[in-house]
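Contents: one structure, followed by commentary.
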Amino acid sequence: MTALNADPVLLSEDRDGVRTLTLNRPHRKNAINPELWIALRDALDAAGHDRGVRALVITGAAGSFCSGADISVPEDIHPRHKLQRLTDVALALHELPIPTVAKVAGVAVGAGWNLALGCDLVVATPESTFCQIFSKRGLSIDLGGSWLLPKLVGLQQAKRLTLLAETIDAAQARALNLVTWVVPADQIDSFVDDLTDRLAAGPPVALAASKALLNEGADRTLRDALANEARAQTGNFATADAQAAYAAFAQRREPSFTGRWALSKSSDSEHSE
């Protein structure tokens, strides 16, 4: 396995037409930082343009899939620019013309879970856990979750998972059709190898067409959903709740949410005379 574009946050390995992308930030349970968002977008784009790649696996290093977006390091850029990275990844994954498989061990949280749900098939272990953690961070759902969840589980269950931010196990996720297979941890590698061998052996043009037809069969509103998510998330970043959640996360305590609007002092000074 080699680092993609000499970037250690994302590893890439090719095997008989199957490309495996491994999120490689194990010290953060593979939380996605700005560097990894960009690397993942570029890797998905490259896979879609490489005729030698017939199937794609996304997984995480060191026993975790992904603990979501990394909020530990603040960025001094407009929230829309942050959200554009997520939009780029979600669309690249959704529009990829090859079958995709999420291989989930350990945690899949927030944007990390929605990254898995954005794949065509999801394989998990009995120890895997899942959570739409956004509300606990003072944020609303993103990375296409507002579009994906209702289609997979129905509106009521999507609201339950999102509004309560409950953690569920692999068996519950499988019962809700959020996981395709649950496989013992010591068998997941061989299971995914066999699965992707079968996908890679399929007719690539026909599979690409079938995937597109299934994705587009109901409607074509993912782009609209992502734009709506970005608008909502921009508003969340201007609240005291998001700031409180970030501070509480850093201090390892529970946040207190008020719903108060709180523009930064720098923003206020920029608009004053």
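Going through the structure tokens in order, the chains are called A, B, and so on, while each chain numbers its residues from 1 and the ligands are numbered from 1 in the order shown.
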**OP:** as a ChimeraX atom specification, list the residues of stretch 23-94 of chain A assigned to helix (DSSP H, G or I) by DSSP on the backbone atoms of this structure.
**Re:** /A:26-28,34-49,79-94
Original post:
With only C-alpha atoms as the basis for distance, which of A:Val109, A:Ala31, A:Leu163, A:Leu152 is at the shortest distance from A:Ser135?
Top reply: A:Leu163
Would you mind listing, for every residue of stretch 157-252 of chain A within 12 Å of stretch 13-20 of chain A, the two atoms forming the shortest contact and the distance between them in Å to one decimal, using only C-alpha atoms, sorted by chain and ascending residue number, as a Markdown table?
| residue | atom | partner | partner_atom | distance |
| --- | --- | --- | --- | --- |
| A:Asp189 | CA | A:Thr20 | CA | 11.4 |
| A:Val192 | CA | A:Val18 | CA | 10.4 |
| A:Asp193 | CA | A:Val18 | CA | 8.6 |
| A:Asp194 | CA | A:Val18 | CA | 10.7 |
| A:Leu195 | CA | A:Val18 | CA | 10.3 |
| A:Thr196 | CA | A:Val18 | CA | 6.6 |
| A:Asp197 | CA | A:Val18 | CA | 7.3 |
| A:Arg198 | CA | A:Val18 | CA | 10.2 |
| A:Leu199 | CA | A:Val18 | CA | 8.9 |
| A:Ala200 | CA | A:Gly17 | CA | 6.1 |
| A:Ala201 | CA | A:Gly17 | CA | 8.5 |
| A:Gly202 | CA | A:Gly17 | CA | 11.0 |
| A:Pro204 | CA | A:Gly17 | CA | 11.0 |
Restrict the selected residues to N, CA and C atoms and save them as an mmCIF file, in the first residue's frame.
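Final output, saved to out_32.cif:
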data_model
loop_
_atom_site.group_PDB
_atom_site.id
_atom_site.type_symbol
_atom_site.label_atom_id
_atom_site.label_comp_id
_atom_site.auth_asym_id
_atom_site.auth_seq_id
_atom_site.Cartn_x
_atom_site.Cartn_y
_atom_site.Cartn_z
ATOM 1 N N ASP A 189 -11.922 -8.892 5.612
ATOM 2 C CA ASP A 189 -10.999 -8.653 4.502
ATOM 3 C C ASP A 189 -11.254 -9.622 3.354
ATOM 4 N N VAL A 192 -14.700 -8.863 1.646
ATOM 5 C CA VAL A 192 -14.674 -7.703 0.746
ATOM 6 C C VAL A 192 -13.829 -7.995 -0.491
ATOM 7 N N ASP A 193 -12.750 -8.747 -0.335
ATOM 8 C CA ASP A 193 -11.953 -9.135 -1.508
ATOM 9 C C ASP A 193 -12.797 -9.932 -2.491
ATOM 10 N N ASP A 194 -13.550 -10.909 -1.988
ATOM 11 C CA ASP A 194 -14.398 -11.719 -2.860
ATOM 12 C C ASP A 194 -15.496 -10.871 -3.499
ATOM 13 N N LEU A 195 -16.103 -9.999 -2.697
ATOM 14 C CA LEU A 195 -17.176 -9.140 -3.198
ATOM 15 C C LEU A 195 -16.684 -8.236 -4.320
ATOM 16 N N THR A 196 -15.560 -7.584 -4.093
ATOM 17 C CA THR A 196 -15.055 -6.646 -5.106
ATOM 18 C C THR A 196 -14.495 -7.371 -6.319
ATOM 19 N N ASP A 197 -13.995 -8.588 -6.131
ATOM 20 C CA ASP A 197 -13.587 -9.386 -7.297
ATOM 21 C C ASP A 197 -14.785 -9.631 -8.201
ATOM 22 N N ARG A 198 -15.930 -9.931 -7.588
ATOM 23 C CA ARG A 198 -17.152 -10.171 -8.360
ATOM 24 C C ARG A 198 -17.606 -8.895 -9.065
ATOM 25 N N LEU A 199 -17.517 -7.775 -8.370
ATOM 26 C CA LEU A 199 -17.913 -6.506 -8.987
ATOM 27 C C LEU A 199 -16.962 -6.130 -10.119
ATOM 28 N N ALA A 200 -15.664 -6.312 -9.875
ATOM 29 C CA ALA A 200 -14.671 -5.958 -10.887
ATOM 30 C C ALA A 200 -14.779 -6.842 -12.119
ATOM 31 N N ALA A 201 -15.307 -8.041 -11.918
ATOM 32 C CA ALA A 201 -15.462 -8.962 -13.041
ATOM 33 C C ALA A 201 -16.727 -8.673 -13.849
ATOM 34 N N GLY A 202 -17.581 -7.810 -13.374
ATOM 35 C CA GLY A 202 -18.833 -7.499 -14.069
ATOM 36 C C GLY A 202 -18.615 -6.598 -15.270
ATOM 37 N N PRO A 204 -18.363 -3.412 -17.061
ATOM 38 C CA PRO A 204 -18.194 -2.072 -16.489
ATOM 39 C C PRO A 204 -19.183 -1.042 -17.016
#
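Atom CA of A:Pro8 is positioned 9.1 Å from atom CA of A:Leu36.
Each of A:Ala185, A:Ile38, A:Leu83, A:Ile58 was compared to A:Gly144 using only C-alpha atoms, and A:Leu83 turns out to be the nearest.
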Original post:
Neighbours of A:Leu149 within 12 Å (only C-alpha atoms; same-chain residues fewer than 2 positions away dropped), as a ChimeraX atom specification?
Top reply: /A:113-118,132,141-147,151-162,173,176-179,222,225
Original post:
Which residue, A:Ala43, A:Val57, A:Ala69, A:Ala124, has the smallest gap to A:Thr100 when you use only C-alpha atoms?
Top reply: A:Val57
Original post:
If you count only C-alpha atoms, which residues fall within 8 Å of A:Gly48, apart from same-chain ones fewer than 5 positions away, as a list in words?
Top reply: Val53, Leu96, Pro97 and Ile98 of chain A
